[in-house]
Structure formats: structure tokens, C-alpha cells
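Contents: one structure, followed by commentary.
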Amino acid sequence: MIIRGIVLLFGSFILYVLQTGLFSSFSLAGVVPDLLMILVVSVGFMRGRTKAMLAGLLCGFYIDCCYSSVIGIFPLFYIIVGNLSGFAHKIYDDDDHMTPLLLTAAGEFLYNLMYFVVFYLLQGKTNLTFYIYRIMIPRVVYTVLVSIILYKILKYTNLFLLRFDRDAE
Amino acid sequence: MKPKIKNKVRKKIVVNPKIVFWGLTVFCVILIIVSYRFSDTFSSIKNVIGSIVAPMQKGINDFGDYLEDKVDHFSDMDKLIEENNALKAQIDDLKNTNQILNQEKYELSYYRDLYELDGLYDQYKKVAAKVISKDPNSYSGEFIIDKGENDGILKDMNVLAGNGLVGIITETGSNWARVRTIIDDASKVSGMFLKTSDTCIVTGDLELIDKGYINVSQISLNAQIYDNYEVVTSYISDKYLPGILIGYVSDIGVDSTKLTQQCRLTPVVDFQHIDAVLIITQLREQYDGISEVFKSDN
């Protein structure tokens, strides 16, 4: 359990740094892929609801610490997405690479929708069509493209850790 | 084999996910309220985490820039050779013009003295900084720079790039600082038309910046303004130093209330490709103090 926690802590940290640093040099149409979302959804798919919520809490805190004036909003977004993606754990299969992509797309869409409601709608900005067309769709597409590669890395990390657990016992 | 292992791991934790979900949700909501109410206490926690993240982001970012450079390098080679030849010819031209301009500079400084325009921003002390990370939520217009309190950066300092206003420092840590750009939806800058001295409010806009504009509103109906007039930061702003160029206006019209005019503004800074900025290490309050001293001296 402790090893898993440490791996999650470092993994999410590396993804956060990549997302805000490296990928901002490679932004397409002005958006960056949401690597943390891929992590949360993948953990939900591979490990279940509780783990995904904990991963979401951690990922949200990274964003809050550097980019938000109040702490707690982004963890909440990621917890909700993590919780929902965790339901898909029931149909988890090692060779299934399609479901996590769909889940990532759905999760990213939901996340952006919540972001829109909290940060734009409450400020009186109601142009949802513009927001969908300009930010949401490019972001979902870019995130899904990156998740094709990233999910494989996360899956093998998970399988490696499972073997580790077995050895420990 | 595998399902068995999963069951073993799962048996250790028997908390219902539903309870975890609601527990964490309530925890987050309480955290939002508490951190909003006691923002001072929480800023020190953020500071600690920020100072750990900043150096790593700097490294990663340098690596990203390096890769981007390499990619551009190959794609732009032919273009560069062509451009180089054109630029060489231009240099000769510019050398000539420069000489003439140098002469005019003396004249200008003389006139400036006459007008007492001591607020022009080439006289402010500035610190250069690199952008090390951009907001992960693609379009909110905030970024983090690699200089902080250790380099004398304080909250509310003005940030420039090239010769135009970028934004303002909203939060600082020991080795990082957060900048809110003028294109951010939450940004409001008190501006002024350089030619007519009419004041206005420059507001960031997510939708318009896509077309390269931001909003200008609250211009007096009597103001005689035309396209391509320069807007600078105004003398009545309490956070921005006066006389910093913001951009050029277009599409002037009367707003929906029929009481004021509004227009669009093209910022002089290219916000899509911003990677290095200058921070004026002088706060607006200090500026007012200094100019009063000057006046009493005279």
C-alpha cells in the first residue's frame, strides 16, 4: 500500500509538471492535454472508485496550490470524475484499450463543463457554444490522443505493482 | 490467478466508496470555505509547495523549449536563409535611420523635460523573468514566472513584455510568482487615450482574444477618439504605473446604455507566444511618493 501511495504521489507530480511545463510548449489550438485527468480516469478504471477519488484529491491539490486562489475546487472536480470512472472498474480487462479512451473523453468533457459553470457561468458569461467549440472539443481530442500512449504506461505500471504485491505476500 | 490477488488487496479496505465520495466532497467544500475565509494562513502552505515545484518546472520547461527549438529548426531552415538575406539589406537601411533617430532623441529628451513626462516607463527599474508554467486550464490567461520574493518581486507589481503591458503579479512565493494577464476574464485595467487623455476601462475577454482583441468600455461620449489611437495605463489607476502602452483601438461605437462609448483593443503583446517578461520593481504607491518628492524639489 505504501509503495502504491509513493508511486501515485510521484507519478501525479511528474504529470502535473509535464502538463504545465512541457506541454505548454506543444499546445495545439491554444489548449494543453489534461494529463492528470488521464491518470484519475485510468486509476478509476484499473483500481476502482476509492483509489480514483484519492488520486483525484491529490491531482486537484497540485493545481490549487499554484493556480487557484481558494483550495478545494479542483480536487472536487477530479473526485467527481474519479468516482464516476470508478464504476467502470467492474468491466476492467487488461487488454481493453478502448474503454479508457472513452472514459477519458467523457471525464474531460464533464470536467470542462464543471469548470465552465464555476468560472464562467457564475461570472455571467453564458456563451456555452463558443466555449464548447473553442476549448472543450480541442481539449477532449488532444487529451484522448495523448491518453492512447499514456494509458499504456499507466497500465504497465499497475501490472508491475500488482506483481510487486504478490511478491510481498 | 489475478482476480484472487485483487480480492486479497480489496479485503484490507472495507470502506464503502459512497461514503468516501461524500466524505471527500464535504471535506473539499469545507476546505473551499476555510481557505477563502483564512487566505493568509493558506498562502504560506501554497508558498512551500510552490517553491518545491518551481525549480522542477523550470528544468522541464527549458527542456521543452529546447525540443521546440529543434523542431522549429528543421522546419524553418529555408525560410530563415531567405529571411536572413532580406534582413541583411534591412540592417544597412536601419543603420542609416538609426543615426537620424539618435539625433532626434536628444531633441525628444529636451521636450520631455519641458513637459515633465517623468512617468515614462523606460525609467523604471525592471527585472527579467522566464515563464515557467502556464495555467493547466487552457484559457484563463495566468502563468507562473521563475522569480519571486527572493528577487524583490512583490504583489501588484506590473509586468511587461517588449514595450507593452502584460499584466500584474497576483501572488508571490520565495522563488515563483503568479501573473494575471490583461486578457484574463477577471482582469480590469484603468486606461487612458494617449492623445486625448480620456479615461477608459480595459477588460479581458475569453471570446474576443481569439480574434486578437480585448474590450474597452466606459469611454466618455464626448471623447474624440479614432481607430488606431494608443491606449496607455492611466494616472488614476491605483495598481498600474501610468504611461505603459496597452494597445491600439478599433471598432469604436456607442454601448447599449447609450451613455458611454466602447471599442475593441489590439494588445501590443503576443499572448500566445509569451516566454520572457519584464517586471517593474516599483509599486504604484511608491511611484506616487517619489513624484511628490520631485515636485517639492522643484
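Each chain of the C-alpha cells is named A, B, ... in the order shown, its residues numbered from 1; ligands are numbered from 1 in display order.
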Can you build me a table of chain B residues sitting at most 6 Å from chain A, with the closest atom pair per residue and its distance in Å to one decimal, using only C-alpha atoms, sorted by chain and residue number, as a tab-separated table?
```
residue	atom	partner	partner_atom	distance
B:Pro17	CA	A:Thr50	CA	5.3
B:Cys28	CA	A:Gly72	CA	4.8
B:Leu31	CA	A:Gly72	CA	5.5
B:Ile32	CA	A:Gly72	CA	4.9
B:Ser35	CA	A:Val70	CA	5.5
B:Tyr36	CA	A:Val70	CA	5.5
B:Lys46	CA	A:Cys65	CA	5.0
B:Gln57	CA	A:Gly21	CA	5.7
B:Ile60	CA	A:Leu22	CA	5.9
B:Asn61	CA	A:Gly21	CA	5.0
B:Gly64	CA	A:Leu22	CA	4.8
B:Ser133	CA	A:Gly21	CA	4.8
B:Lys134	CA	A:Thr20	CA	5.4
B:Pro136	CA	A:Thr20	CA	5.6
B:Ser138	CA	A:Val31	CA	4.9
```
Checklist entry - DSSP on the backbone: what in segment 9-250 of chain B comes out helix (DSSP H, G or I), as a count of residues only? => result 111
Checklist entry - So which one's closest to Phe160 of chain A, A:Val118, A:Ala55, A:Ile91, A:Val7? Using only C-alpha atoms, please. => result A:Val7
Item to check | Nearest to Tyr229 of chain B, chosen from B:Asp198, B:Asp135, B:Glu207, B:Asp255, with only C-alpha atoms counted in the distances | outcome: B:Asp198
Checklist entry - Any idea what the distance is between atom CA of Ala177 of chain B and atom CA of Met56 of chain B? => result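 Separating atom CA of Ala177 of chain B from atom CA of Met56 of chain B is a distance of 14.7 Å.
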Item to check | Spatial neighbours of Asp151 of chain B, 10 Å, only C-alpha atoms, chain gap at least 3 places, as an MDAnalysis selection string | outcome: chainID B and resid 127 129 146:148 154 174:176 281
